[in-house]
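Engineer: If it helps, the file is called model-v6.csv and holds CSV, C-alpha atoms and all ligand atoms:
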chain,number,residue,atom,x,y,z
A,1,MET,CA,59.1,-167.7,7.7
A,2,ASP,CA,57.1,-167.4,4.4
A,3,ARG,CA,57.0,-164.3,2.3
A,4,GLN,CA,53.8,-162.9,3.8
A,5,GLU,CA,55.0,-163.4,7.4
A,6,ALA,CA,58.3,-161.8,6.5
A,7,GLU,CA,56.6,-158.8,5.0
A,8,LYS,CA,54.5,-158.3,8.1
A,9,ARG,CA,57.5,-158.6,10.4
A,10,VAL,CA,59.6,-156.2,8.2
A,11,GLN,CA,56.7,-153.7,8.5
A,12,THR,CA,56.6,-154.0,12.3
A,13,LEU,CA,60.4,-153.7,12.6
A,14,ARG,CA,60.5,-150.6,10.4
A,15,GLU,CA,57.7,-148.9,12.4
A,16,LYS,CA,59.5,-149.7,15.7
A,17,LEU,CA,62.9,-148.6,14.5
A,18,GLU,CA,61.5,-145.4,13.0
A,19,GLU,CA,59.9,-144.6,16.4
A,20,TYR,CA,63.0,-145.5,18.4
A,21,GLY,CA,65.2,-143.6,15.9
A,22,TYR,CA,63.1,-140.5,16.2
A,23,HIS,CA,63.3,-140.5,20.0
A,24,TYR,CA,67.0,-141.1,19.9
A,25,TYR,CA,68.2,-138.8,17.1
A,26,VAL,CA,65.6,-136.0,17.0
A,27,LEU,CA,64.5,-135.8,20.7
A,28,ASP,CA,67.7,-137.1,22.4
A,29,GLN,CA,65.5,-139.3,24.5
A,30,PRO,CA,65.9,-143.0,23.8
A,31,LEU,CA,63.0,-145.3,24.5
A,32,VAL,CA,65.1,-148.5,24.5
A,33,THR,CA,68.7,-149.5,25.0
A,34,ASP,CA,71.2,-149.4,22.1
A,35,ALA,CA,71.5,-153.2,22.3
A,36,GLU,CA,67.8,-153.6,21.9
A,37,TYR,CA,67.8,-151.2,18.9
A,38,ASP,CA,70.8,-153.0,17.3
A,39,GLN,CA,69.1,-156.4,17.7
A,40,LEU,CA,66.0,-155.2,15.9
A,41,MET,CA,68.1,-153.6,13.2
A,42,GLN,CA,70.0,-156.8,12.7
A,43,GLU,CA,66.8,-158.7,12.4
A,44,LEU,CA,65.5,-156.2,9.8
A,45,ILE,CA,68.8,-156.4,7.8
A,46,ALA,CA,68.7,-160.2,7.8
A,47,LEU,CA,65.0,-160.3,6.6
A,48,GLU,CA,65.7,-157.8,3.9
A,49,GLY,CA,68.7,-159.9,2.9
A,50,GLU,CA,66.5,-163.0,2.6
A,51,HIS,CA,63.7,-161.2,0.8
A,52,PRO,CA,65.4,-158.6,-1.5
A,53,GLU,CA,62.0,-157.7,-3.0
A,54,LEU,CA,61.1,-156.1,0.4
A,55,VAL,CA,64.1,-153.7,0.4
A,56,SER,CA,63.0,-150.1,0.3
A,57,GLU,CA,64.8,-146.8,0.0
A,58,ASP,CA,63.2,-145.4,3.1
A,59,SER,CA,63.8,-148.4,5.4
A,60,PRO,CA,65.7,-147.5,8.6
A,61,SER,CA,68.3,-150.0,7.5
A,62,VAL,CA,69.4,-147.6,4.7
A,63,ARG,CA,68.7,-144.3,6.4
A,64,VAL,CA,71.3,-142.3,8.4
A,65,GLY,CA,70.3,-140.5,11.6
A,66,GLY,CA,67.3,-138.3,11.9
A,67,GLU,CA,65.6,-135.2,10.6
A,68,PRO,CA,67.1,-131.9,11.6
A,69,LEU,CA,65.1,-129.9,14.2
A,70,PRO,CA,63.1,-127.1,12.4
A,71,PHE,CA,64.4,-124.3,14.6
A,72,PHE,CA,68.0,-124.5,13.5
A,73,GLU,CA,69.3,-123.2,10.2
A,74,LYS,CA,69.9,-126.1,7.9
A,75,VAL,CA,73.4,-127.0,6.7
A,76,GLU,CA,74.0,-129.1,3.6
A,77,HIS,CA,77.0,-131.4,4.0
A,78,GLN,CA,79.3,-131.2,1.0
A,79,ILE,CA,80.4,-134.7,1.7
A,80,PRO,CA,77.6,-136.8,3.3
A,81,MET,CA,78.1,-137.7,7.0
A,82,LEU,CA,77.4,-141.4,7.0
A,83,SER,CA,76.8,-144.1,9.6
A,84,LEU,CA,79.0,-147.1,10.1
A,85,GLY,CA,78.5,-150.8,9.5
A,86,ASN,CA,78.5,-152.9,12.7
A,87,ALA,CA,80.5,-155.9,14.0
A,88,PHE,CA,79.4,-157.6,17.2
A,89,ASN,CA,82.0,-160.3,17.6
A,90,ASP,CA,85.4,-161.6,16.3
A,91,GLN,CA,83.8,-163.5,13.5
A,92,ASP,CA,82.1,-160.3,12.2
A,93,LEU,CA,85.5,-158.6,12.2
A,94,ARG,CA,87.1,-161.4,10.3
A,95,ASP,CA,84.2,-161.3,7.8
A,96,PHE,CA,84.8,-157.5,7.4
A,97,ASP,CA,88.5,-158.1,6.8
A,98,ARG,CA,87.7,-160.9,4.2
A,99,ARG,CA,85.3,-158.5,2.3
A,100,VAL,CA,87.9,-155.8,2.3
A,101,ARG,CA,90.7,-158.1,1.0
A,102,GLU,CA,88.4,-159.5,-1.6
A,103,ARG,CA,88.1,-156.0,-3.1
A,104,VAL,CA,91.6,-154.5,-2.6
A,105,GLY,CA,93.9,-157.5,-2.1
A,106,ASP,CA,95.8,-158.7,0.9
A,107,ASN,CA,98.0,-155.7,1.6
A,108,VAL,CA,95.7,-154.0,4.1
A,109,THR,CA,96.4,-152.4,7.4
A,110,TYR,CA,93.8,-150.9,9.8
A,111,SER,CA,93.5,-147.8,12.0
A,112,CYS,CA,91.7,-148.6,15.2
A,113,GLU,CA,90.1,-145.9,17.3
A,114,LEU,CA,87.9,-145.7,20.4
A,115,LYS,CA,84.3,-145.2,19.4
A,116,ILE,CA,83.4,-142.1,21.5
A,117,ASP,CA,79.7,-142.2,22.5
A,118,GLY,CA,78.6,-138.6,21.8
A,119,LEU,CA,77.3,-136.6,18.9
A,120,ALA,CA,78.9,-136.5,15.4
A,121,VAL,CA,79.6,-133.0,14.3
A,122,SER,CA,81.2,-131.3,11.3
A,123,LEU,CA,83.5,-128.3,11.8
A,124,THR,CA,84.3,-126.0,8.9
A,125,TYR,CA,87.4,-123.8,8.8
A,126,GLU,CA,88.2,-121.1,6.3
A,127,ASN,CA,91.8,-119.8,6.2
A,128,GLY,CA,92.3,-121.2,9.7
A,129,LYS,CA,89.2,-119.7,11.2
A,130,PHE,CA,86.2,-121.7,12.6
A,131,VAL,CA,83.2,-120.5,10.5
A,132,ARG,CA,80.6,-123.2,10.9
A,133,GLY,CA,79.6,-126.3,13.0
A,134,ALA,CA,76.8,-128.7,12.2
A,135,THR,CA,75.2,-131.9,13.4
A,136,ARG,CA,75.1,-134.9,11.2
A,137,GLY,CA,71.3,-134.7,10.9
A,138,ASP,CA,70.1,-137.2,8.3
A,139,GLY,CA,73.6,-137.4,6.8
A,140,THR,CA,72.9,-134.9,4.0
A,141,ILE,CA,71.3,-132.0,5.9
A,142,GLY,CA,72.4,-131.1,9.5
A,143,GLU,CA,71.6,-128.4,11.9
A,144,ASP,CA,73.8,-125.2,12.3
A,145,ILE,CA,75.0,-125.3,15.9
A,146,THR,CA,78.0,-123.0,15.4
A,147,ASN,CA,77.3,-120.9,18.5
A,148,ASN,CA,76.8,-123.9,20.8
A,149,LEU,CA,80.0,-125.5,19.5
A,150,LYS,CA,82.0,-122.3,20.1
A,151,THR,CA,81.4,-122.8,23.8
A,152,ILE,CA,83.5,-126.0,23.8
A,153,PRO,CA,87.0,-125.0,24.8
A,154,ALA,CA,88.6,-128.0,23.0
A,155,ILE,CA,87.4,-126.6,19.6
A,156,PRO,CA,90.0,-124.2,18.3
A,157,LEU,CA,88.5,-121.0,16.9
A,158,LYS,CA,91.7,-120.4,15.1
A,159,LEU,CA,94.0,-123.2,13.8
A,160,LYS,CA,97.8,-123.2,13.9
A,161,GLN,CA,98.0,-123.0,10.1
A,162,GLU,CA,95.7,-121.0,7.8
A,163,ALA,CA,94.1,-124.2,6.4
A,164,SER,CA,90.7,-124.4,4.9
A,165,LEU,CA,89.1,-127.7,5.6
A,166,GLU,CA,86.1,-129.5,7.1
A,167,VAL,CA,86.7,-132.0,9.9
A,168,ARG,CA,84.5,-134.4,11.8
A,169,GLY,CA,84.5,-135.4,15.4
A,170,GLU,CA,82.5,-136.6,18.3
A,171,ALA,CA,81.3,-134.0,20.8
A,172,TYR,CA,80.8,-135.7,24.2
A,173,MET,CA,80.2,-135.1,27.9
A,174,PRO,CA,82.8,-136.5,30.2
A,175,LYS,CA,81.5,-138.9,32.8
A,176,LYS,CA,82.2,-136.5,35.7
A,177,SER,CA,80.3,-133.7,34.1
A,178,PHE,CA,77.4,-136.0,33.4
A,179,GLU,CA,77.2,-137.2,37.0
A,180,ALA,CA,77.3,-133.6,38.3
A,181,LEU,CA,74.6,-132.5,35.8
A,182,ASN,CA,72.3,-135.4,36.7
A,183,GLU,CA,72.8,-134.7,40.4
A,184,ALA,CA,71.9,-131.1,39.9
A,185,LYS,CA,68.8,-132.1,37.9
A,186,SER,CA,67.8,-134.5,40.5
A,187,GLU,CA,68.1,-131.9,43.2
A,188,ALA,CA,66.0,-129.5,41.1
A,189,GLY,CA,63.4,-132.2,40.7
A,190,GLU,CA,64.0,-132.3,36.9
A,191,GLU,CA,64.1,-135.3,34.7
A,192,LYS,CA,67.6,-136.8,34.4
A,193,PHE,CA,69.5,-137.6,31.2
A,194,ALA,CA,69.6,-141.2,30.2
A,195,ASN,CA,73.3,-141.2,29.4
A,196,PRO,CA,76.2,-138.9,28.5
A,197,ARG,CA,75.5,-139.2,24.8
A,198,ASN,CA,72.0,-137.9,25.2
A,199,ALA,CA,73.1,-135.2,27.6
A,200,ALA,CA,75.8,-134.0,25.1
A,201,ALA,CA,73.3,-134.0,22.2
A,202,GLY,CA,70.6,-132.4,24.3
A,203,SER,CA,73.0,-129.6,25.4
A,204,LEU,CA,74.2,-128.9,21.8
A,205,ARG,CA,70.8,-128.8,20.3
A,206,GLN,CA,69.5,-125.9,22.4
A,207,LEU,CA,68.8,-122.5,21.1
A,208,ASP,CA,70.6,-120.8,24.0
A,209,PRO,CA,74.4,-121.3,23.8
A,210,LYS,CA,74.6,-120.4,27.6
A,211,ILE,CA,73.2,-123.9,28.3
A,212,ALA,CA,75.9,-125.6,26.3
A,213,ALA,CA,78.5,-123.3,27.9
A,214,LYS,CA,77.6,-124.6,31.3
A,215,ARG,CA,77.8,-128.3,30.4
A,216,ASN,CA,81.6,-128.9,30.3
A,217,LEU,CA,81.5,-130.6,26.9
A,218,SER,CA,84.5,-131.7,25.0
A,219,ILE,CA,85.3,-133.2,21.6
A,220,PHE,CA,87.7,-135.6,19.8
A,221,ILE,CA,88.3,-134.9,16.1
A,222,TYR,CA,88.7,-138.2,14.1
A,223,ALA,CA,88.5,-137.4,10.4
A,224,ILE,CA,89.0,-134.9,7.7
A,225,GLY,CA,85.9,-134.5,5.6
A,226,ASN,CA,87.3,-132.3,3.0
A,227,ALA,CA,90.8,-130.6,2.9
A,228,GLU,CA,91.9,-128.3,0.1
A,229,GLY,CA,95.4,-129.2,-1.3
A,230,GLN,CA,96.0,-131.9,1.3
A,231,ASP,CA,97.4,-135.1,-0.2
A,232,LEU,CA,97.4,-137.6,2.6
A,233,ALA,CA,98.2,-141.2,1.9
A,234,SER,CA,96.7,-142.7,5.1
A,235,HIS,CA,94.2,-142.2,7.8
A,236,HIS,CA,96.8,-142.2,10.5
A,237,GLU,CA,98.8,-139.5,8.7
A,238,GLY,CA,95.5,-137.6,8.6
A,239,LEU,CA,95.2,-137.9,12.4
A,240,ALA,CA,98.7,-136.6,12.9
A,241,TYR,CA,97.9,-133.6,10.6
A,242,LEU,CA,94.8,-132.8,12.6
A,243,LYS,CA,96.9,-132.7,15.8
A,244,GLU,CA,99.4,-130.4,14.1
A,245,LEU,CA,96.6,-128.0,13.2
A,246,GLY,CA,95.7,-127.9,16.9
A,247,PHE,CA,92.7,-130.3,17.1
A,248,LYS,CA,92.1,-132.6,20.1
A,249,VAL,CA,92.7,-136.1,18.7
A,250,ASN,CA,92.3,-139.2,20.8
A,251,ASN,CA,95.7,-140.7,21.7
A,252,GLU,CA,94.6,-144.3,22.1
A,253,SER,CA,94.3,-145.0,18.3
A,254,LYS,CA,96.5,-147.9,17.0
A,255,HIS,CA,97.7,-148.8,13.5
A,256,CYS,CA,97.2,-152.6,13.2
A,257,ALA,CA,98.8,-154.8,10.6
A,258,THR,CA,96.3,-157.7,10.8
A,259,ILE,CA,92.7,-158.3,11.8
A,260,GLU,CA,94.0,-160.5,14.6
A,261,GLU,CA,95.8,-157.4,16.0
A,262,VAL,CA,92.5,-155.5,15.6
A,263,ILE,CA,90.7,-158.2,17.6
A,264,GLU,CA,93.3,-158.0,20.4
A,265,TYR,CA,92.8,-154.2,20.5
A,266,THR,CA,89.0,-154.6,20.9
A,267,ASN,CA,89.5,-157.1,23.7
A,268,GLU,CA,91.9,-154.9,25.5
A,269,TRP,CA,89.5,-152.0,25.4
A,270,LEU,CA,86.6,-154.1,26.5
A,271,ASP,CA,88.4,-154.5,29.8
A,272,LYS,CA,89.8,-151.0,30.1
A,273,ARG,CA,86.9,-148.9,29.0
A,274,ALA,CA,85.5,-148.4,32.5
A,275,ASP,CA,88.7,-146.6,33.5
A,276,LEU,CA,88.2,-143.9,30.8
A,277,PRO,CA,86.9,-140.5,31.9
A,278,TYR,CA,84.4,-140.5,28.9
A,279,GLU,CA,82.1,-143.2,27.5
A,280,ILE,CA,82.9,-145.3,24.5
A,281,ASP,CA,80.5,-147.8,23.0
A,282,GLY,CA,82.9,-149.7,20.8
A,283,ILE,CA,85.9,-149.5,18.5
A,284,VAL,CA,86.0,-148.0,15.0
A,285,ILE,CA,88.1,-149.9,12.5
A,286,LYS,CA,89.2,-148.1,9.3
A,287,VAL,CA,91.2,-149.3,6.3
A,288,ASP,CA,94.3,-147.1,6.7
A,289,SER,CA,95.2,-146.4,3.1
A,290,ILE,CA,93.2,-143.6,1.5
A,291,GLU,CA,93.7,-145.1,-2.0
A,292,GLN,CA,92.1,-148.4,-0.7
A,293,GLN,CA,89.3,-146.4,1.0
A,294,LYS,CA,88.5,-144.8,-2.4
A,295,GLU,CA,88.6,-148.2,-4.1
A,296,LEU,CA,86.2,-149.7,-1.5
A,297,GLY,CA,83.8,-146.7,-1.7
A,298,PHE,CA,80.4,-146.6,0.1
A,299,THR,CA,77.0,-148.3,0.4
A,300,ALA,CA,74.0,-146.0,0.7
A,301,LYS,CA,74.5,-145.8,4.5
A,302,SER,CA,78.1,-146.4,5.3
A,303,PRO,CA,81.7,-146.7,4.0
A,304,ARG,CA,82.8,-150.2,3.0
A,305,TRP,CA,86.3,-149.3,4.4
A,306,ALA,CA,85.2,-149.0,8.0
A,307,THR,CA,83.2,-150.8,10.6
A,308,ALA,CA,82.1,-150.2,14.2
A,309,PHE,CA,82.8,-153.0,16.7
A,310,LYS,CA,80.0,-152.6,19.3
A,311,PHE,CA,80.7,-153.5,22.9
A,312,PRO,CA,78.0,-155.5,24.6
A,313,ALA,CA,75.5,-153.3,26.5
A,314,GLU,CA,76.7,-151.9,29.8
A,315,GLU,CA,73.8,-149.6,30.4
A,316,VAL,CA,70.7,-150.2,32.4
A,317,VAL,CA,67.3,-150.0,30.7
A,318,THR,CA,66.2,-146.4,31.0
A,319,VAL,CA,62.6,-145.3,31.3
A,320,LEU,CA,61.8,-142.1,29.6
A,321,ARG,CA,58.5,-140.3,29.6
A,322,ASP,CA,57.4,-137.5,27.4
A,323,ILE,CA,58.8,-136.4,24.1
A,324,GLU,CA,59.9,-132.9,24.9
A,325,LEU,CA,63.5,-131.9,24.4
A,326,SER,CA,65.3,-132.1,27.8
A,327,VAL,CA,67.2,-128.9,28.7
B,1,LIG,P1,77.0,-145.7,14.9
B,1,LIG,O1,76.9,-144.9,16.2
B,1,LIG,O2,77.0,-147.1,15.0
B,1,LIG,O3,78.4,-145.2,14.2
B,1,LIG,C1,78.6,-144.0,13.5
B,1,LIG,C2,79.1,-142.9,14.4
B,1,LIG,O4,80.2,-143.3,15.2
B,1,LIG,C3,79.5,-141.7,13.7
B,1,LIG,O5,78.5,-140.9,13.2
B,1,LIG,C4,80.3,-141.0,14.8
B,1,LIG,O6,79.4,-140.1,15.4
B,1,LIG,C5,80.7,-142.1,15.7
B,1,LIG,N1,82.1,-142.2,16.1
B,1,LIG,C6,82.6,-142.2,17.3
B,1,LIG,N2,83.9,-142.3,17.3
B,1,LIG,C7,84.3,-142.4,16.0
B,1,LIG,C8,85.6,-142.5,15.4
B,1,LIG,N3,86.7,-142.6,16.0
B,1,LIG,N4,85.6,-142.6,14.0
B,1,LIG,C9,84.4,-142.5,13.3
B,1,LIG,N5,83.2,-142.4,13.9
B,1,LIG,C10,83.1,-142.3,15.2
B,1,LIG,O7,76.0,-145.2,13.9
B,1,LIG,P2,74.8,-144.2,14.1
B,1,LIG,O8,74.2,-144.2,12.8
B,1,LIG,O9,75.3,-142.9,14.6
B,1,LIG,O10,73.9,-144.8,15.2
B,1,LIG,C11,73.4,-146.0,15.2
B,1,LIG,C12,73.5,-146.5,16.6
B,1,LIG,O11,72.9,-145.6,17.4
B,1,LIG,C13,72.8,-147.8,16.7
B,1,LIG,O12,73.6,-148.9,16.4
B,1,LIG,C14,72.3,-147.8,18.1
B,1,LIG,O13,73.3,-148.3,19.0
B,1,LIG,C15,72.2,-146.3,18.4
B,1,LIG,N6,70.8,-146.0,18.4
B,1,LIG,C16,70.1,-146.2,19.5
B,1,LIG,C17,68.7,-146.0,19.5
B,1,LIG,C18,67.9,-146.2,20.8
B,1,LIG,O14,66.7,-146.1,20.8
B,1,LIG,N7,68.6,-146.6,21.9
B,1,LIG,C19,68.1,-145.5,18.4
B,1,LIG,C20,68.8,-145.2,17.2
B,1,LIG,C21,70.1,-145.5,17.2
Can I see the file as C-alpha cells?

Structural biologist:
Amino acid sequence: MDRQEAEKRVQTLREKLEEYGYHYYVLDQPLVTDAEYDQLMQELIALEGEHPELVSEDSPSVRVGGEPLPFFEKVEHQIPMLSLGNAFNDQDLRDFDRRVRERVGDNVTYSCELKIDGLAVSLTYENGKFVRGATRGDGTIGEDITNNLKTIPAIPLKLKQEASLEVRGEAYMPKKSFEALNEAKSEAGEEKFANPRNAAAGSLRQLDPKIAAKRNLSIFIYAIGNAEGQDLASHHEGLAYLKELGFKVNNESKHCATIEEVIEYTNEWLDKRADLPYEIDGIVIKVDSIEQQKELGFTAKSPRWATAFKFPAEEVVTVLRDIELSV
C-alpha cells in the first residue's frame, strides 16, 4: 500500500472506529461485534506503525473510551483510568513478556485475572465511607454515578477499616439477571440489550437510581487507584488488602511465575468460561511487582505492565437500531 492509499485507509478506519466507539461507549448500543471492532483497530495500529507520519493525537488508537454524557456531573480522575493493550494469541503474550523483560530484567512474575465484561468504575472512600463513584469516561473525565452505584449491594458503603482510597472495578450484570431482563423487555415489546455489558452500562448511566436498583448488578474490584499511606509491594498483595477492606474481589486470579504458566491459565479459562455465572471477554495479565510497574510506566492509552488477552468472539452479530439510550 503506498502512502496515499494508506492515508485514505487510515481516514476511513478512524471514521468507522469513531462511530462504533460512540455507539459502544456513549450510547451503550454497539453497532458491530467486539471482534470486528478489534480487527479494524489492529489494522489502524498496523498502518500507523508503518506510516508514523500519519499518527495523530486524536486517533481512536490513542484515545480511551468515550465522552461523558452531558446530564451527569463530571468527575476528574486524579489518576487516569486507562485502557489495556491487547493480545490475541500465545505469540502476542510471549511478545508482551519479551518487551517487559527487555525493560525490567528477567525476574518477572504475573498476576492473571478474569477480564470481566462490564463497565469500569472508580470508587472513592474517605475515612472508610463511600463518597463518590464514577465511570471511566474518556479516561480523564468520567460521569458521577454515585447514586446508581449505591444500589449495588456488593459495593460496601462503609469499609472494615477507616481507609481513604480510590479503587477500580468492573460493574457487571450476571448472566441470569441479563436473561431475565431481556425476557421482560421482550414481553413488554421493548428493544432488548445486546449483551450483559451493555445492559450493565445502560443501567448505571440512567438518571433514576431506581432503574439500577432493579437490575441485580454486581461488581468485582480489581485495583487500587490511589491509597494514602499504603505501601504495597505487589499487585496480589493489593488484591488481598482489598478483600480485607470488605471489597468483592474475584477469587479466580492466579500468580504465575512464567509466561508459559500465563498461557496455560488463558487456555484453561477459554474452556471454562461458559460455566461462569457472569461474562468474561478475556484474561488480564499484570506485572505483579509494583516497583516494576512503575519502571515500565504507561503509553498514552495503556500501561506497559499489563495486557488483555482477548478470547475469540462468542457473541452473535447484533442488530441495533436507533441511537437513543436504552432504559
Ligand atoms: P478493554 O476492554 O480491552 O480493557 C480495559 C478494561 O478492562 C478496563 O477499563 C476494565 O474495565 C476492564 N477489566 C475487566 N476486568 C479487569 C481486571 N481484572 N483488571 C483490569 N481491567 C479489567 O479496553 P477498553 O478501552 O475498555 O475497550 C476496548 C474494547 O472494547 C475493544 O477491544 C472492543 O472489544 C470493545 N469495543 C467494542 C466496540 C463495538 O462496537 N463492539 C466499540 C468500542 C470498543

Engineer: Taking all atoms listed in the file into account, which of A:Ser177, A:Thr33, A:Thr135, A:Thr124 comes nearest ligand LIG 1 (chain B)?

Structural biologist: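 Among A:Ser177, A:Thr33, A:Thr135, A:Thr124, it is A:Thr33 that comes nearest to ligand LIG 1 (chain B).
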
Engineer: So, with all atoms listed in the file as the atoms that count, which of A:Ala180, A:Leu82, A:Ile155, A:Leu69 lies closest to A:Tyr125?

Structural biologist: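 That would be A:Ile155, the residue with the smallest distance to A:Tyr125.
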
Engineer: One number please: atom CA of A:Glu50 to atom C1 of ligand LIG 1 (chain B), in Å, one decimal.

Structural biologist: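 Rounded to one decimal, the two atoms are 25.0 Å apart.
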
Engineer: Interatomic distance between atom CA of A:Arg197 and atom CA of A:Pro68?

Structural biologist: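 For atom CA of A:Arg197 relative to atom CA of A:Pro68, the distance reads 17.3 Å.
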
Engineer: List the neighbours of A:His51 out to 8 Å using only C-alpha atoms; skip same-chain residues closer than 3 positions along the sequence, and give me the result as an MDAnalysis selection string.

Structural biologist: chainID A and resid 3 6 47:48 54:55

Engineer: Point out the residue among A:Ile141, A:Ala240, A:Val131, A:Ile221 with the least atom-to-atom distance to ligand LIG 1 (chain B), counting only C-alpha atoms and all ligand atoms.

Structural biologist: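 Nearest candidate to ligand LIG 1 (chain B) out of A:Ile141, A:Ala240, A:Val131, A:Ile221: A:Ile221.
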
Engineer: Find the residues of chain A that sit at most 8 Å from ligand LIG 1 (chain B); for each, write down the nearest two atoms and how far apart they are in Å, to one decimal. Count all atoms listed in the file. Sort by chain, then by number going up, and give it as JSON lines.

Structural biologist:
{"residue": "A:Leu17", "atom": "CA", "partner": "B:LIG1", "partner_atom": "C19", "distance": 7.2}
{"residue": "A:Tyr20", "atom": "CA", "partner": "B:LIG1", "partner_atom": "O14", "distance": 4.5}
{"residue": "A:Gly21", "atom": "CA", "partner": "B:LIG1", "partner_atom": "C20", "distance": 4.1}
{"residue": "A:Tyr22", "atom": "CA", "partner": "B:LIG1", "partner_atom": "C19", "distance": 7.4}
{"residue": "A:His23", "atom": "CA", "partner": "B:LIG1", "partner_atom": "O14", "distance": 6.6}
{"residue": "A:Tyr24", "atom": "CA", "partner": "B:LIG1", "partner_atom": "C19", "distance": 4.8}
{"residue": "A:Tyr25", "atom": "CA", "partner": "B:LIG1", "partner_atom": "C20", "distance": 6.4}
{"residue": "A:Gln29", "atom": "CA", "partner": "B:LIG1", "partner_atom": "O14", "distance": 7.8}
{"residue": "A:Pro30", "atom": "CA", "partner": "B:LIG1", "partner_atom": "O14", "distance": 4.4}
{"residue": "A:Leu31", "atom": "CA", "partner": "B:LIG1", "partner_atom": "O14", "distance": 5.3}
{"residue": "A:Val32", "atom": "CA", "partner": "B:LIG1", "partner_atom": "O14", "distance": 4.7}
{"residue": "A:Thr33", "atom": "CA", "partner": "B:LIG1", "partner_atom": "N7", "distance": 4.2}
{"residue": "A:Asp34", "atom": "CA", "partner": "B:LIG1", "partner_atom": "N7", "distance": 3.8}
{"residue": "A:Ala35", "atom": "CA", "partner": "B:LIG1", "partner_atom": "O13", "distance": 6.2}
{"residue": "A:Glu36", "atom": "CA", "partner": "B:LIG1", "partner_atom": "N7", "distance": 7.0}
{"residue": "A:Tyr37", "atom": "CA", "partner": "B:LIG1", "partner_atom": "C17", "distance": 5.3}
{"residue": "A:Asp38", "atom": "CA", "partner": "B:LIG1", "partner_atom": "O12", "distance": 5.0}
{"residue": "A:Met41", "atom": "CA", "partner": "B:LIG1", "partner_atom": "O12", "distance": 7.9}
{"residue": "A:Val64", "atom": "CA", "partner": "B:LIG1", "partner_atom": "O8", "distance": 5.6}
{"residue": "A:Gly65", "atom": "CA", "partner": "B:LIG1", "partner_atom": "O8", "distance": 5.5}
{"residue": "A:Met81", "atom": "CA", "partner": "B:LIG1", "partner_atom": "O5", "distance": 7.0}
{"residue": "A:Leu82", "atom": "CA", "partner": "B:LIG1", "partner_atom": "O5", "distance": 6.3}
{"residue": "A:Ser83", "atom": "CA", "partner": "B:LIG1", "partner_atom": "O8", "distance": 4.1}
{"residue": "A:Leu84", "atom": "CA", "partner": "B:LIG1", "partner_atom": "O3", "distance": 4.6}
{"residue": "A:Gly85", "atom": "CA", "partner": "B:LIG1", "partner_atom": "O2", "distance": 6.8}
{"residue": "A:Asn86", "atom": "CA", "partner": "B:LIG1", "partner_atom": "O2", "distance": 6.4}
{"residue": "A:Cys112", "atom": "CA", "partner": "B:LIG1", "partner_atom": "N3", "distance": 7.9}
{"residue": "A:Glu113", "atom": "CA", "partner": "B:LIG1", "partner_atom": "N3", "distance": 4.9}
{"residue": "A:Leu114", "atom": "CA", "partner": "B:LIG1", "partner_atom": "N3", "distance": 5.5}
{"residue": "A:Lys115", "atom": "CA", "partner": "B:LIG1", "partner_atom": "N2", "distance": 3.6}
{"residue": "A:Ile116", "atom": "CA", "partner": "B:LIG1", "partner_atom": "N2", "distance": 4.2}
{"residue": "A:Asp117", "atom": "CA", "partner": "B:LIG1", "partner_atom": "C6", "distance": 6.0}
{"residue": "A:Gly118", "atom": "CA", "partner": "B:LIG1", "partner_atom": "O6", "distance": 6.6}
{"residue": "A:Leu119", "atom": "CA", "partner": "B:LIG1", "partner_atom": "O6", "distance": 5.4}
{"residue": "A:Ala120", "atom": "CA", "partner": "B:LIG1", "partner_atom": "O6", "distance": 3.6}
{"residue": "A:Val121", "atom": "CA", "partner": "B:LIG1", "partner_atom": "O6", "distance": 7.2}
{"residue": "A:Arg136", "atom": "CA", "partner": "B:LIG1", "partner_atom": "O5", "distance": 7.2}
{"residue": "A:Gly169", "atom": "CA", "partner": "B:LIG1", "partner_atom": "O6", "distance": 6.9}
{"residue": "A:Glu170", "atom": "CA", "partner": "B:LIG1", "partner_atom": "O6", "distance": 5.5}
{"residue": "A:Ile221", "atom": "CA", "partner": "B:LIG1", "partner_atom": "N3", "distance": 7.9}
{"residue": "A:Tyr222", "atom": "CA", "partner": "B:LIG1", "partner_atom": "N3", "distance": 5.2}
{"residue": "A:Ala223", "atom": "CA", "partner": "B:LIG1", "partner_atom": "N4", "distance": 7.0}
{"residue": "A:Ile280", "atom": "CA", "partner": "B:LIG1", "partner_atom": "C6", "distance": 7.8}
{"residue": "A:Ile283", "atom": "CA", "partner": "B:LIG1", "partner_atom": "N3", "distance": 7.4}
{"residue": "A:Val284", "atom": "CA", "partner": "B:LIG1", "partner_atom": "N4", "distance": 5.5}
{"residue": "A:Ile285", "atom": "CA", "partner": "B:LIG1", "partner_atom": "N4", "distance": 7.9}
{"residue": "A:Ala308", "atom": "CA", "partner": "B:LIG1", "partner_atom": "O2", "distance": 6.0}
{"residue": "A:Lys310", "atom": "CA", "partner": "B:LIG1", "partner_atom": "O2", "distance": 7.6}

Engineer: With only C-alpha atoms as the counted atoms, please give the residues lying no more than 8 Å from A:Pro196, apart from itself and same-chain residues fewer than 5 positions off, as a list in words.

Structural biologist: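 Neighbouring residues, sequence-local ones excluded: Asp117, Gly118, Tyr172, Met173, Pro174, Lys175, Phe178 and Glu279 of chain A.
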
Engineer: What is the distance, in Å and to one decimal place, between atom CA of A:Lys16 and atom CA of A:Asn89?

Structural biologist: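 If I compute the distance from atom CA of A:Lys16 to atom CA of A:Asn89, I get 24.9 Å.
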
Engineer: Please identify all polymer residues lying at most 7 Å from the point (90.8, -160.5, 14.3) (file coordinates), using only C-alpha atoms, and present the result as a ChimeraX atom specification.

Structural biologist: /A:90,93-94,259-263

Engineer: Any chance you can output those residues with C-alpha atoms as a CSV table (one decimal), in the coordinates of the input?

Structural biologist:
chain,number,residue,atom,x,y,z
A,90,ASP,CA,85.4,-161.6,16.3
A,93,LEU,CA,85.5,-158.6,12.2
A,94,ARG,CA,87.1,-161.4,10.3
A,259,ILE,CA,92.7,-158.3,11.8
A,260,GLU,CA,94.0,-160.5,14.6
A,261,GLU,CA,95.8,-157.4,16.0
A,262,VAL,CA,92.5,-155.5,15.6
A,263,ILE,CA,90.7,-158.2,17.6

Engineer: Do you know which residues lie at most 12 Å from (70.8, -129.5, 31.3), with coordinates as in the file and all atoms listed in the file counted, and could you write them as a ChimeraX atom specification?

Structural biologist: /A:173,177-186,188,190-194,196,198-206,208-217,325-327

Engineer: Could you check the closest approach to A:Phe96 for each of A:Pro60, A:Gly142, A:Pro303, A:Pro80 and tell me which residue wins, using all atoms listed in the file?

Structural biologist: A:Pro303
